[in-house]
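What follows is the content of final-v5.cif, which has mmCIF, C-alpha atoms:
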data_model
#
loop_
_atom_site.label_atom_id
_atom_site.label_comp_id
_atom_site.auth_asym_id
_atom_site.auth_seq_id
_atom_site.Cartn_x
_atom_site.Cartn_y
_atom_site.Cartn_z
CA MET H 1 -38.58 -87.01 33.62
CA HIS H 2 -37.29 -87.06 30.10
CA GLY H 3 -38.47 -88.74 26.98
CA TYR H 4 -36.06 -91.65 27.04
CA ALA H 5 -37.18 -92.86 30.50
CA ASP H 6 -38.84 -96.00 29.09
CA ARG H 7 -35.64 -97.10 27.41
CA ARG H 8 -33.21 -95.88 30.09
CA ASP H 9 -32.05 -99.40 31.00
CA GLU H 10 -31.52 -100.30 27.37
CA PHE H 11 -29.41 -97.18 26.70
CA HIS H 12 -27.46 -97.75 29.90
CA THR H 13 -26.65 -101.33 28.88
CA ARG H 14 -25.57 -100.24 25.42
CA LEU H 15 -23.31 -97.55 26.90
CA ARG H 16 -21.71 -100.06 29.28
CA ARG H 17 -20.99 -102.32 26.32
CA ILE H 18 -19.41 -99.34 24.52
CA GLU H 19 -17.32 -98.59 27.62
CA GLY H 20 -16.13 -102.21 27.53
CA GLN H 21 -15.24 -101.87 23.85
CA VAL H 22 -13.21 -98.71 24.55
CA ARG H 23 -11.34 -100.55 27.29
CA GLY H 24 -10.75 -103.38 24.81
CA VAL H 25 -9.14 -100.92 22.40
CA GLN H 26 -6.88 -99.61 25.20
CA LYS H 27 -5.75 -103.18 25.80
CA MET H 28 -5.11 -103.64 22.06
CA VAL H 29 -2.89 -100.54 22.08
CA GLU H 30 -1.02 -101.80 25.20
CA ASP H 31 -0.52 -105.21 23.58
CA ASP H 32 0.80 -103.54 20.43
CA ARG H 33 -1.91 -105.16 18.33
CA TYR H 34 -2.05 -104.60 14.59
CA CYS H 35 -3.16 -101.08 13.73
CA ILE H 36 -5.79 -102.07 11.18
CA ASP H 37 -7.49 -104.38 13.70
CA ILE H 38 -7.67 -101.48 16.16
CA LEU H 39 -9.19 -99.23 13.47
CA THR H 40 -11.83 -101.85 12.71
CA GLN H 41 -12.72 -101.94 16.40
CA ILE H 42 -12.91 -98.11 16.60
CA SER H 43 -15.25 -98.03 13.56
CA SER H 44 -17.51 -100.49 15.34
CA ILE H 45 -17.55 -98.33 18.51
CA SER H 46 -18.42 -95.24 16.43
CA ARG H 47 -21.36 -97.06 14.88
CA ALA H 48 -22.56 -98.23 18.29
CA LEU H 49 -22.35 -94.69 19.72
CA ARG H 50 -24.24 -93.30 16.77
CA GLY H 51 -26.90 -95.96 17.30
CA VAL H 52 -27.39 -94.78 20.90
CA ALA H 53 -27.52 -91.15 19.73
CA VAL H 54 -30.18 -91.88 17.09
CA GLY H 55 -32.18 -93.89 19.65
CA LEU H 56 -32.08 -91.03 22.18
CA LEU H 57 -33.00 -88.53 19.50
CA ASP H 58 -35.93 -90.69 18.44
CA GLU H 59 -37.29 -90.74 22.01
CA HIS H 60 -36.65 -87.01 22.36
CA VAL H 61 -38.61 -86.12 19.20
CA ARG H 62 -41.37 -88.59 20.03
CA HIS H 63 -41.85 -87.15 23.52
CA CYS H 64 -40.29 -83.76 24.35
CA VAL H 65 -40.60 -82.24 20.87
CA ALA H 66 -44.07 -83.68 20.20
CA ASP H 67 -45.32 -82.46 23.61
CA ALA H 68 -43.97 -78.97 22.96
CA ILE H 69 -45.66 -78.88 19.54
CA THR H 70 -48.96 -79.95 21.10
CA GLU H 71 -48.52 -77.21 23.72
CA GLY H 72 -48.40 -74.49 21.14
CA HIS H 73 -46.56 -72.80 18.34
CA GLU H 74 -43.74 -71.07 20.15
CA ALA H 75 -42.85 -73.93 22.48
CA GLY H 76 -42.78 -76.28 19.47
CA ASP H 77 -40.58 -73.99 17.38
CA GLU H 78 -38.02 -73.70 20.13
CA LYS H 79 -37.77 -77.46 20.67
CA ILE H 80 -37.54 -78.11 16.93
CA ALA H 81 -34.71 -75.59 16.55
CA GLU H 82 -32.86 -77.22 19.43
CA ALA H 83 -33.35 -80.73 18.02
CA MET H 84 -32.21 -79.62 14.54
CA ASP H 85 -29.00 -78.23 16.05
CA ALA H 86 -28.37 -81.57 17.75
CA ILE H 87 -29.02 -83.42 14.47
CA GLN H 88 -26.59 -81.15 12.63
CA ARG H 89 -23.88 -81.79 15.26
CA LEU H 90 -24.57 -85.53 14.97
CA VAL H 91 -24.39 -85.52 11.17
CA LYS H 92 -21.05 -83.73 11.30
CA SER H 93 -19.48 -85.62 14.20
CA MET V 1 6.34 -103.75 16.90
CA HIS V 2 3.83 -101.65 15.10
CA GLY V 3 3.95 -98.21 13.58
CA TYR V 4 2.20 -96.39 16.42
CA ALA V 5 4.73 -97.49 19.08
CA ASP V 6 6.17 -93.97 19.49
CA ARG V 7 2.77 -92.55 20.29
CA ARG V 8 1.39 -95.52 22.25
CA ASP V 9 1.19 -93.59 25.53
CA GLU V 10 -0.56 -90.68 23.86
CA PHE V 11 -3.19 -92.93 22.26
CA HIS V 12 -3.65 -94.82 25.51
CA THR V 13 -4.25 -91.58 27.42
CA ARG V 14 -6.75 -90.36 24.82
CA LEU V 15 -8.62 -93.67 24.97
CA ARG V 16 -8.78 -93.52 28.77
CA ARG V 17 -10.26 -90.03 28.51
CA ILE V 18 -12.83 -91.39 26.02
CA GLU V 19 -13.66 -94.22 28.43
CA GLY V 20 -14.25 -91.58 31.12
CA GLN V 21 -16.52 -89.64 28.78
CA VAL V 22 -18.57 -92.79 28.02
CA ARG V 23 -18.94 -93.39 31.77
CA GLY V 24 -20.02 -89.77 32.12
CA VAL V 25 -22.79 -90.35 29.57
CA GLN V 26 -23.96 -93.44 31.47
CA LYS V 27 -24.23 -91.24 34.57
CA MET V 28 -26.19 -88.64 32.61
CA VAL V 29 -28.67 -91.34 31.53
CA GLU V 30 -28.98 -92.62 35.12
CA ASP V 31 -29.56 -89.09 36.39
CA ASP V 32 -32.24 -88.55 33.73
CA ARG V 33 -30.34 -85.58 32.31
CA TYR V 34 -31.72 -83.64 29.38
CA CYS V 35 -31.57 -85.62 26.14
CA ILE V 36 -29.99 -82.84 24.05
CA ASP V 37 -27.14 -82.44 26.54
CA ILE V 38 -26.45 -86.18 26.29
CA LEU V 39 -26.43 -85.96 22.48
CA THR V 40 -23.92 -83.09 22.62
CA GLN V 41 -21.67 -85.23 24.79
CA ILE V 42 -21.99 -88.23 22.43
CA SER V 43 -21.04 -86.04 19.43
CA SER V 44 -17.94 -84.96 21.32
CA ILE V 45 -16.99 -88.61 22.06
CA SER V 46 -17.46 -89.51 18.37
CA ARG V 47 -15.10 -86.71 17.36
CA ALA V 48 -12.51 -87.81 19.93
CA LEU V 49 -12.69 -91.43 18.72
CA ARG V 50 -12.30 -90.33 15.12
CA GLY V 51 -9.27 -88.28 16.15
CA VAL V 52 -7.63 -91.38 17.62
CA ALA V 53 -8.49 -93.38 14.48
CA VAL V 54 -6.98 -90.76 12.15
CA GLY V 55 -3.87 -90.57 14.38
CA LEU V 56 -3.40 -94.36 14.31
CA LEU V 57 -3.95 -94.42 10.55
CA ASP V 58 -1.37 -91.69 10.10
CA GLU V 59 1.23 -93.71 11.99
CA HIS V 60 0.23 -96.85 10.12
CA VAL V 61 0.67 -95.25 6.68
CA ARG V 62 3.88 -93.50 7.73
CA HIS V 63 5.44 -96.74 8.98
CA CYS V 64 3.84 -100.05 7.98
CA VAL V 65 2.57 -98.97 4.56
CA ALA V 66 5.68 -96.93 3.70
CA ASP V 67 7.95 -99.85 4.72
CA ALA V 68 5.95 -102.28 2.61
CA ILE V 69 6.18 -99.94 -0.40
CA THR V 70 9.94 -99.65 0.05
CA GLU V 71 10.16 -103.45 0.25
CA GLY V 72 8.64 -103.96 -3.14
CA HIS V 73 5.65 -103.71 -5.39
CA GLU V 74 3.50 -106.56 -4.17
CA ALA V 75 4.00 -105.97 -0.44
CA GLY V 76 3.14 -102.29 -0.96
CA ASP V 77 0.00 -103.04 -2.98
CA GLU V 78 -1.32 -105.37 -0.34
CA LYS V 79 -0.78 -102.89 2.50
CA ILE V 80 -2.34 -100.04 0.49
CA ALA V 81 -5.44 -102.13 -0.28
CA GLU V 82 -5.79 -102.99 3.41
CA ALA V 83 -5.36 -99.35 4.51
CA MET V 84 -7.90 -98.14 1.92
CA ASP V 85 -10.44 -100.64 3.27
CA ALA V 86 -9.89 -99.26 6.77
CA ILE V 87 -10.27 -95.68 5.49
CA GLN V 88 -13.53 -96.59 3.77
CA ARG V 89 -14.90 -98.16 6.96
CA LEU V 90 -13.81 -95.04 8.87
CA VAL V 91 -15.45 -92.67 6.39
CA LYS V 92 -18.71 -94.62 6.64
CA SER V 93 -18.74 -95.23 10.39
CA MET C 1 0.10 -87.12 -15.50
CA HIS C 2 -1.57 -88.04 -12.28
CA GLY C 3 -2.25 -91.31 -10.57
CA TYR C 4 -5.88 -91.65 -11.61
CA ALA C 5 -5.14 -91.44 -15.36
CA ASP C 6 -6.03 -95.11 -15.97
CA ARG C 7 -9.47 -94.65 -14.46
CA ARG C 8 -10.11 -91.10 -15.74
CA ASP C 9 -13.00 -92.17 -17.99
CA GLU C 10 -14.61 -94.15 -15.20
CA PHE C 11 -14.45 -91.22 -12.77
CA HIS C 12 -15.74 -88.86 -15.44
CA THR C 13 -18.72 -91.09 -16.13
CA ARG C 14 -19.52 -91.40 -12.43
CA LEU C 15 -19.35 -87.61 -12.01
CA ARG C 16 -21.68 -87.08 -14.97
CA ARG C 17 -24.15 -89.47 -13.38
CA ILE C 18 -23.87 -87.50 -10.13
CA GLU C 19 -24.47 -84.25 -12.06
CA GLY C 20 -27.62 -85.84 -13.51
CA GLN C 21 -28.76 -86.86 -10.02
CA VAL C 22 -28.27 -83.29 -8.73
CA ARG C 23 -30.34 -82.00 -11.65
CA GLY C 24 -32.96 -84.60 -10.77
CA VAL C 25 -33.15 -83.23 -7.24
CA GLN C 26 -33.59 -79.68 -8.60
CA LYS C 27 -36.53 -80.97 -10.61
CA MET C 28 -37.99 -82.65 -7.52
CA VAL C 29 -37.80 -79.31 -5.66
CA GLU C 30 -39.45 -77.50 -8.59
CA ASP C 31 -42.20 -80.10 -8.74
CA ASP C 32 -42.78 -79.75 -4.98
CA ARG C 33 -42.05 -83.44 -4.45
CA TYR C 34 -42.26 -84.96 -1.00
CA CYS C 35 -39.41 -83.82 1.24
CA ILE C 36 -38.44 -87.29 2.48
CA ASP C 37 -38.08 -88.57 -1.10
CA ILE C 38 -35.73 -85.67 -1.85
CA LEU C 39 -33.68 -86.45 1.25
CA THR C 40 -33.37 -90.11 0.17
CA GLN C 41 -32.07 -88.93 -3.19
CA ILE C 42 -29.56 -86.54 -1.57
CA SER C 43 -28.24 -89.36 0.68
CA SER C 44 -27.68 -91.44 -2.45
CA ILE C 45 -25.76 -88.59 -4.15
CA SER C 46 -23.58 -88.15 -1.04
CA ARG C 47 -22.71 -91.84 -1.10
CA ALA C 48 -21.88 -91.70 -4.82
CA LEU C 49 -19.63 -88.64 -4.30
CA ARG C 50 -17.85 -90.34 -1.43
CA GLY C 51 -17.33 -93.39 -3.64
CA VAL C 52 -15.59 -91.23 -6.26
CA ALA C 53 -13.48 -89.56 -3.53
CA VAL C 54 -12.36 -92.91 -2.09
CA GLY C 55 -11.57 -94.19 -5.63
CA LEU C 56 -9.45 -91.12 -6.41
CA LEU C 57 -7.69 -91.39 -3.07
CA ASP C 58 -6.95 -95.06 -3.73
CA GLU C 59 -5.29 -94.20 -7.05
CA HIS C 60 -3.45 -91.29 -5.45
CA VAL C 61 -1.96 -93.43 -2.67
CA ARG C 62 -1.18 -96.29 -5.04
CA HIS C 63 0.68 -94.01 -7.44
CA CYS C 64 1.70 -90.52 -6.26
CA VAL C 65 2.26 -91.41 -2.60
CA ALA C 66 3.92 -94.77 -3.34
CA ASP C 67 6.24 -93.12 -5.91
CA ALA C 68 7.22 -90.40 -3.44
CA ILE C 69 7.96 -93.01 -0.76
CA THR C 70 10.16 -94.96 -3.20
CA GLU C 71 11.95 -91.72 -4.08
CA GLY C 72 13.06 -91.12 -0.54
CA HIS C 73 12.18 -90.29 3.00
CA GLU C 74 11.36 -86.59 2.77
CA ALA C 75 9.33 -86.76 -0.44
CA GLY C 76 7.33 -89.64 1.04
CA ASP C 77 6.66 -87.86 4.33
CA GLU C 78 5.36 -84.78 2.56
CA LYS C 79 2.97 -86.76 0.35
CA ILE C 80 1.71 -88.83 3.29
CA ALA C 81 1.00 -85.68 5.34
CA GLU C 82 -0.91 -84.19 2.41
CA ALA C 83 -2.93 -87.39 1.85
CA MET C 84 -3.76 -87.65 5.57
CA ASP C 85 -5.10 -84.09 5.51
CA ALA C 86 -7.34 -85.00 2.59
CA ILE C 87 -8.55 -88.14 4.40
CA GLN C 88 -9.36 -86.10 7.50
CA ARG C 89 -11.37 -83.60 5.42
CA LEU C 90 -13.17 -86.51 3.76
CA VAL C 91 -13.98 -88.21 7.06
CA LYS C 92 -15.44 -84.95 8.39
CA SER C 93 -17.29 -83.83 5.26
CA MET J 1 -47.76 -78.15 -1.11
CA HIS J 2 -44.89 -79.26 1.03
CA GLY J 3 -43.15 -77.74 4.00
CA TYR J 4 -40.19 -76.31 2.12
CA ALA J 5 -42.33 -74.19 -0.24
CA ASP J 6 -41.22 -70.91 1.36
CA ARG J 7 -37.58 -71.69 0.75
CA ARG J 8 -37.99 -73.47 -2.60
CA ASP J 9 -36.06 -70.80 -4.54
CA GLU J 10 -33.25 -70.82 -2.04
CA PHE J 11 -32.89 -74.62 -2.21
CA HIS J 12 -33.09 -74.53 -6.00
CA THR J 13 -30.30 -71.95 -6.19
CA ARG J 14 -28.11 -73.94 -3.82
CA LEU J 15 -28.66 -77.11 -5.87
CA ARG J 16 -27.75 -75.30 -9.09
CA ARG J 17 -24.53 -74.12 -7.46
CA ILE J 18 -23.82 -77.73 -6.43
CA GLU J 19 -24.48 -78.86 -10.01
CA GLY J 20 -21.93 -76.29 -11.16
CA GLN J 21 -19.42 -77.56 -8.63
CA VAL J 22 -19.90 -81.16 -9.85
CA ARG J 23 -19.30 -79.98 -13.43
CA GLY J 24 -16.19 -78.19 -12.19
CA VAL J 25 -14.88 -81.46 -10.76
CA GLN J 26 -15.52 -83.22 -14.10
CA LYS J 27 -13.41 -80.53 -15.77
CA MET J 28 -10.67 -81.02 -13.18
CA VAL J 29 -10.61 -84.76 -13.98
CA GLU J 30 -10.51 -84.04 -17.75
CA ASP J 31 -7.66 -81.55 -17.25
CA ASP J 32 -5.75 -84.12 -15.19
CA ARG J 33 -5.67 -81.78 -12.21
CA TYR J 34 -3.93 -82.79 -9.02
CA CYS J 35 -5.84 -85.49 -7.14
CA ILE J 36 -5.72 -83.78 -3.74
CA ASP J 37 -7.24 -80.59 -5.18
CA ILE J 38 -10.09 -82.64 -6.62
CA LEU J 39 -10.66 -84.31 -3.25
CA THR J 40 -10.81 -80.91 -1.53
CA GLN J 41 -13.46 -79.85 -4.02
CA ILE J 42 -15.48 -83.06 -3.49
CA SER J 43 -15.40 -82.54 0.30
CA SER J 44 -16.80 -79.05 -0.25
CA ILE J 45 -19.63 -80.41 -2.45
CA SER J 46 -20.48 -83.04 0.20
CA ARG J 47 -20.76 -80.33 2.84
CA ALA J 48 -22.96 -78.19 0.57
CA LEU J 49 -25.27 -81.17 -0.16
CA ARG J 50 -25.54 -81.97 3.52
CA GLY J 51 -26.44 -78.33 4.17
CA VAL J 52 -29.34 -78.57 1.72
CA ALA J 53 -30.46 -81.86 3.30
CA VAL J 54 -30.44 -80.40 6.82
CA GLY J 55 -32.33 -77.33 5.56
CA LEU J 56 -35.01 -79.46 3.90
CA LEU J 57 -35.30 -81.64 7.00
CA ASP J 58 -35.70 -78.56 9.17
CA GLU J 59 -38.61 -77.34 7.04
CA HIS J 60 -40.09 -80.81 6.96
CA VAL J 61 -40.06 -81.19 10.76
CA ARG J 62 -41.28 -77.62 11.28
CA HIS J 63 -44.24 -78.11 8.94
CA CYS J 64 -45.22 -81.66 7.91
CA VAL J 65 -44.19 -83.39 11.13
CA ALA J 66 -45.51 -80.62 13.42
CA ASP J 67 -48.85 -80.59 11.54
CA ALA J 68 -49.17 -84.35 11.84
CA ILE J 69 -48.45 -84.18 15.57
CA THR J 70 -51.10 -81.49 16.01
CA GLU J 71 -53.53 -83.66 14.04
CA GLY J 72 -53.26 -86.51 16.48
CA HIS J 73 -51.21 -89.27 17.98
CA GLU J 74 -51.09 -91.79 15.18
CA ALA J 75 -50.45 -89.35 12.36
CA GLY J 76 -47.64 -87.81 14.40
CA ASP J 77 -46.01 -91.14 15.23
CA GLU J 78 -45.95 -92.16 11.59
CA LYS J 79 -44.33 -88.90 10.45
CA ILE J 80 -41.77 -89.00 13.25
CA ALA J 81 -40.79 -92.59 12.36
CA GLU J 82 -40.39 -91.58 8.71
CA ALA J 83 -38.31 -88.50 9.59
CA MET J 84 -36.07 -90.53 11.94
CA ASP J 85 -35.39 -93.01 9.12
CA ALA J 86 -34.34 -90.12 6.87
CA ILE J 87 -32.09 -88.72 9.62
CA GLN J 88 -30.45 -92.10 10.08
CA ARG J 89 -29.78 -92.40 6.33
CA LEU J 90 -28.36 -88.87 6.36
CA VAL J 91 -26.10 -89.54 9.35
CA LYS J 92 -24.72 -92.64 7.62
CA SER J 93 -24.38 -91.26 4.10
#

So that I can check it, write out the structure of this file as structure tokens.
Amino acid sequence: MHGYADRRDEFHTRLRRIEGQVRGVQKMVEDDRYCIDILTQISSISRALRGVAVGLLDEHVRHCVADAITEGHEAGDEKIAEAMDAIQRLVKS
Amino acid sequence: MHGYADRRDEFHTRLRRIEGQVRGVQKMVEDDRYCIDILTQISSISRALRGVAVGLLDEHVRHCVADAITEGHEAGDEKIAEAMDAIQRLVKS
Amino acid sequence: MHGYADRRDEFHTRLRRIEGQVRGVQKMVEDDRYCIDILTQISSISRALRGVAVGLLDEHVRHCVADAITEGHEAGDEKIAEAMDAIQRLVKS
Amino acid sequence: MHGYADRRDEFHTRLRRIEGQVRGVQKMVEDDRYCIDILTQISSISRALRGVAVGLLDEHVRHCVADAITEGHEAGDEKIAEAMDAIQRLVKS
């Protein structure tokens, strides 16, 4: 079981809301809605996705990474390197 | 009819693929998949969303903004200000 | 003369302030200041840089791109493509 | 002494190069250089700054945060919360 287990329902709900927002944007495109309004909606989805990512990362560091560090030097180093790679991808995405 | 009309089907298809990716992430959360793998997937969705936003913006500038500029000074200024606001939101999101 | 000529002094002043902030961060590193405080400072510099970039882009679209569009179809298309490339780099950077 | 002590010279050198790049952009503005070329340069500075931030964060997690986690639950939690705040600011900046 992974670190985010306690907040699984919360993340799931947030992702379903994001799915609904993406479907809303599809409908806006079908209905030929004004481009700028669609962009505003996409910016809001991006922020919501990033919020989920930061939340998951928080749980991951607080559980998986912290446990690995407590376990010992090498296990900790590996988990930290992996988490830093994920952070870098997130910062750039 | 708005500026992105020629590429409406393309944008719609890309947004449906993004919707599928968001559903895939929900499934990963349900299945208690490894946090870092979920984050990688979210970064990829963010990039895809941003790609759609930049594509829509491109069409918007090429059509709506360019038409407004051709129409006259004031119409152009207004559309440019509106587009710059959208770009700023996009850069920050 | 380029589009940002009217605001050249403003941009210059903002860039000098940013230079001062970067020097401040060097000093923090020399003085072995707390890592998180340095990161806060770097986030503030990134925001300031992005503000200058968006300001320059605004002037560029309002002048160079708008002039090219008024000049004719091909000149406008070329300038729009170039500006969109810059926006994409900015969004990703 | 903080976590980045081993790489202090490296970070200092990178920040001095960034300072030089910012001065280069000031010169470009003074010389009325083409807006798009200035934007390209600013995007490159933003990437370089972000690289320093991620490097500092990496050292911080690997040392300060890991030490606090080893020390005990509460110390670790506090450091993780602080680091996550910095990551969130970085992701948004």

Contacts from chain J to chain H, 9 Å maximum, all atoms listed in the file: show me the residue list as number ranges by chain.
J: 50-51, 54, 57-58, 61-62, 66-67, 69-70, 76-77, 80-81, 84, 87-88, 90-92

As a check of understanding: the span from CA of Ile38 in chain H to CA of Val22 in chain V is 18.3 Å

CA of Asp31 in chain H and CA of Ala53 in chain V are how many Å apart?
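Going from CA of Asp31 in chain H over to CA of Ala53 in chain V, I get 16.9 Å.
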
Transformed chain H, reference chain J, in-order C-alpha pairing, as a PDB file with C-alpha atoms, in the frame of the given file:
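Printed below is part.pdb as written:
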ATOM      1  CA  MET H   1     -47.764 -78.164  -1.082  1.00  0.00           C
ATOM      2  CA  HIS H   2     -44.875 -79.271   1.036  1.00  0.00           C
ATOM      3  CA  GLY H   3     -43.140 -77.748   3.972  1.00  0.00           C
ATOM      4  CA  TYR H   4     -40.176 -76.320   2.113  1.00  0.00           C
ATOM      5  CA  ALA H   5     -42.330 -74.202  -0.247  1.00  0.00           C
ATOM      6  CA  ASP H   6     -41.209 -70.916   1.347  1.00  0.00           C
ATOM      7  CA  ARG H   7     -37.566 -71.705   0.733  1.00  0.00           C
ATOM      8  CA  ARG H   8     -37.985 -73.476  -2.623  1.00  0.00           C
ATOM      9  CA  ASP H   9     -36.071 -70.802  -4.560  1.00  0.00           C
ATOM     10  CA  GLU H  10     -33.244 -70.833  -2.056  1.00  0.00           C
ATOM     11  CA  PHE H  11     -32.875 -74.637  -2.221  1.00  0.00           C
ATOM     12  CA  HIS H  12     -33.084 -74.543  -6.005  1.00  0.00           C
ATOM     13  CA  THR H  13     -30.292 -71.958  -6.189  1.00  0.00           C
ATOM     14  CA  ARG H  14     -28.110 -73.952  -3.824  1.00  0.00           C
ATOM     15  CA  LEU H  15     -28.652 -77.113  -5.884  1.00  0.00           C
ATOM     16  CA  ARG H  16     -27.736 -75.294  -9.105  1.00  0.00           C
ATOM     17  CA  ARG H  17     -24.525 -74.122  -7.462  1.00  0.00           C
ATOM     18  CA  ILE H  18     -23.816 -77.736  -6.433  1.00  0.00           C
ATOM     19  CA  GLU H  19     -24.486 -78.873 -10.011  1.00  0.00           C
ATOM     20  CA  GLY H  20     -21.941 -76.283 -11.169  1.00  0.00           C
ATOM     21  CA  GLN H  21     -19.416 -77.570  -8.636  1.00  0.00           C
ATOM     22  CA  VAL H  22     -19.893 -81.157  -9.860  1.00  0.00           C
ATOM     23  CA  ARG H  23     -19.307 -79.991 -13.422  1.00  0.00           C
ATOM     24  CA  GLY H  24     -16.190 -78.186 -12.182  1.00  0.00           C
ATOM     25  CA  VAL H  25     -14.875 -81.456 -10.757  1.00  0.00           C
ATOM     26  CA  GLN H  26     -15.520 -83.207 -14.100  1.00  0.00           C
ATOM     27  CA  LYS H  27     -13.428 -80.525 -15.777  1.00  0.00           C
ATOM     28  CA  MET H  28     -10.669 -81.007 -13.177  1.00  0.00           C
ATOM     29  CA  VAL H  29     -10.605 -84.737 -13.967  1.00  0.00           C
ATOM     30  CA  GLU H  30     -10.503 -84.017 -17.747  1.00  0.00           C
ATOM     31  CA  ASP H  31      -7.663 -81.530 -17.244  1.00  0.00           C
ATOM     32  CA  ASP H  32      -5.761 -84.092 -15.177  1.00  0.00           C
ATOM     33  CA  ARG H  33      -5.674 -81.752 -12.195  1.00  0.00           C
ATOM     34  CA  TYR H  34      -3.921 -82.761  -8.997  1.00  0.00           C
ATOM     35  CA  CYS H  35      -5.829 -85.450  -7.128  1.00  0.00           C
ATOM     36  CA  ILE H  36      -5.726 -83.767  -3.729  1.00  0.00           C
ATOM     37  CA  ASP H  37      -7.234 -80.569  -5.170  1.00  0.00           C
ATOM     38  CA  ILE H  38     -10.092 -82.628  -6.614  1.00  0.00           C
ATOM     39  CA  LEU H  39     -10.658 -84.306  -3.227  1.00  0.00           C
ATOM     40  CA  THR H  40     -10.814 -80.916  -1.526  1.00  0.00           C
ATOM     41  CA  GLN H  41     -13.461 -79.846  -4.029  1.00  0.00           C
ATOM     42  CA  ILE H  42     -15.484 -83.066  -3.491  1.00  0.00           C
ATOM     43  CA  SER H  43     -15.404 -82.526   0.307  1.00  0.00           C
ATOM     44  CA  SER H  44     -16.807 -79.054  -0.241  1.00  0.00           C
ATOM     45  CA  ILE H  45     -19.626 -80.421  -2.454  1.00  0.00           C
ATOM     46  CA  SER H  46     -20.483 -83.038   0.201  1.00  0.00           C
ATOM     47  CA  ARG H  47     -20.770 -80.330   2.836  1.00  0.00           C
ATOM     48  CA  ALA H  48     -22.968 -78.219   0.568  1.00  0.00           C
ATOM     49  CA  LEU H  49     -25.276 -81.178  -0.163  1.00  0.00           C
ATOM     50  CA  ARG H  50     -25.549 -81.976   3.511  1.00  0.00           C
ATOM     51  CA  GLY H  51     -26.427 -78.339   4.172  1.00  0.00           C
ATOM     52  CA  VAL H  52     -29.341 -78.576   1.712  1.00  0.00           C
ATOM     53  CA  ALA H  53     -30.456 -81.864   3.296  1.00  0.00           C
ATOM     54  CA  VAL H  54     -30.444 -80.407   6.825  1.00  0.00           C
ATOM     55  CA  GLY H  55     -32.319 -77.326   5.568  1.00  0.00           C
ATOM     56  CA  LEU H  56     -35.007 -79.469   3.902  1.00  0.00           C
ATOM     57  CA  LEU H  57     -35.285 -81.642   6.981  1.00  0.00           C
ATOM     58  CA  ASP H  58     -35.683 -78.565   9.161  1.00  0.00           C
ATOM     59  CA  GLU H  59     -38.602 -77.331   7.026  1.00  0.00           C
ATOM     60  CA  HIS H  60     -40.096 -80.825   6.958  1.00  0.00           C
ATOM     61  CA  VAL H  61     -40.065 -81.187  10.764  1.00  0.00           C
ATOM     62  CA  ARG H  62     -41.270 -77.623  11.267  1.00  0.00           C
ATOM     63  CA  HIS H  63     -44.235 -78.108   8.932  1.00  0.00           C
ATOM     64  CA  CYS H  64     -45.213 -81.658   7.902  1.00  0.00           C
ATOM     65  CA  VAL H  65     -44.169 -83.385  11.134  1.00  0.00           C
ATOM     66  CA  ALA H  66     -45.490 -80.624  13.413  1.00  0.00           C
ATOM     67  CA  ASP H  67     -48.834 -80.573  11.543  1.00  0.00           C
ATOM     68  CA  ALA H  68     -49.167 -84.344  11.848  1.00  0.00           C
ATOM     69  CA  ILE H  69     -48.434 -84.175  15.588  1.00  0.00           C
ATOM     70  CA  THR H  70     -51.069 -81.466  16.021  1.00  0.00           C
ATOM     71  CA  GLU H  71     -53.520 -83.648  14.072  1.00  0.00           C
ATOM     72  CA  GLY H  72     -53.247 -86.480  16.517  1.00  0.00           C
ATOM     73  CA  HIS H  73     -51.197 -89.246  18.010  1.00  0.00           C
ATOM     74  CA  GLU H  74     -51.097 -91.779  15.218  1.00  0.00           C
ATOM     75  CA  ALA H  75     -50.474 -89.333  12.384  1.00  0.00           C
ATOM     76  CA  GLY H  76     -47.637 -87.789  14.421  1.00  0.00           C
ATOM     77  CA  ASP H  77     -46.020 -91.134  15.228  1.00  0.00           C
ATOM     78  CA  GLU H  78     -45.959 -92.143  11.598  1.00  0.00           C
ATOM     79  CA  LYS H  79     -44.345 -88.896  10.437  1.00  0.00           C
ATOM     80  CA  ILE H  80     -41.777 -89.023  13.239  1.00  0.00           C
ATOM     81  CA  ALA H  81     -40.802 -92.593  12.339  1.00  0.00           C
ATOM     82  CA  GLU H  82     -40.406 -91.578   8.708  1.00  0.00           C
ATOM     83  CA  ALA H  83     -38.314 -88.512   9.585  1.00  0.00           C
ATOM     84  CA  MET H  84     -36.089 -90.554  11.934  1.00  0.00           C
ATOM     85  CA  ASP H  85     -35.395 -93.019   9.113  1.00  0.00           C
ATOM     86  CA  ALA H  86     -34.372 -90.132   6.862  1.00  0.00           C
ATOM     87  CA  ILE H  87     -32.106 -88.732   9.603  1.00  0.00           C
ATOM     88  CA  GLN H  88     -30.464 -92.127  10.074  1.00  0.00           C
ATOM     89  CA  ARG H  89     -29.800 -92.414   6.312  1.00  0.00           C
ATOM     90  CA  LEU H  90     -28.370 -88.879   6.359  1.00  0.00           C
ATOM     91  CA  VAL H  91     -26.108 -89.567   9.339  1.00  0.00           C
ATOM     92  CA  LYS H  92     -24.734 -92.657   7.625  1.00  0.00           C
ATOM     93  CA  SER H  93     -24.419 -91.283   4.095  1.00  0.00           C
TER      94      SER H  93
END

Which residues, written as an MDAnalysis selection string, have at least one atom at most 7 Å from range 8-19 of chain H, with all atoms listed in the file counted and residues fewer than 6 positions away on the same chain left out?
(chainID H and resid 45 52) or (chainID V and resid 19 22:23 26 29)

What do you get, as a list in words, if you spell out every residue that the PyMOL selection byres ((chain C and resi 37) around 12) selects here?
Gly24, Val25, Met28, Val29, Asp32, Arg33, Tyr34, Cys35, Ile36, Ile38, Leu39, Thr40, Gln41, Ile42, Ser43 and Ser44 of chain C; His2, Ala53, Leu56, Leu57, His60, Glu82, Ala83, Asp85, Ala86 and Arg89 of chain J
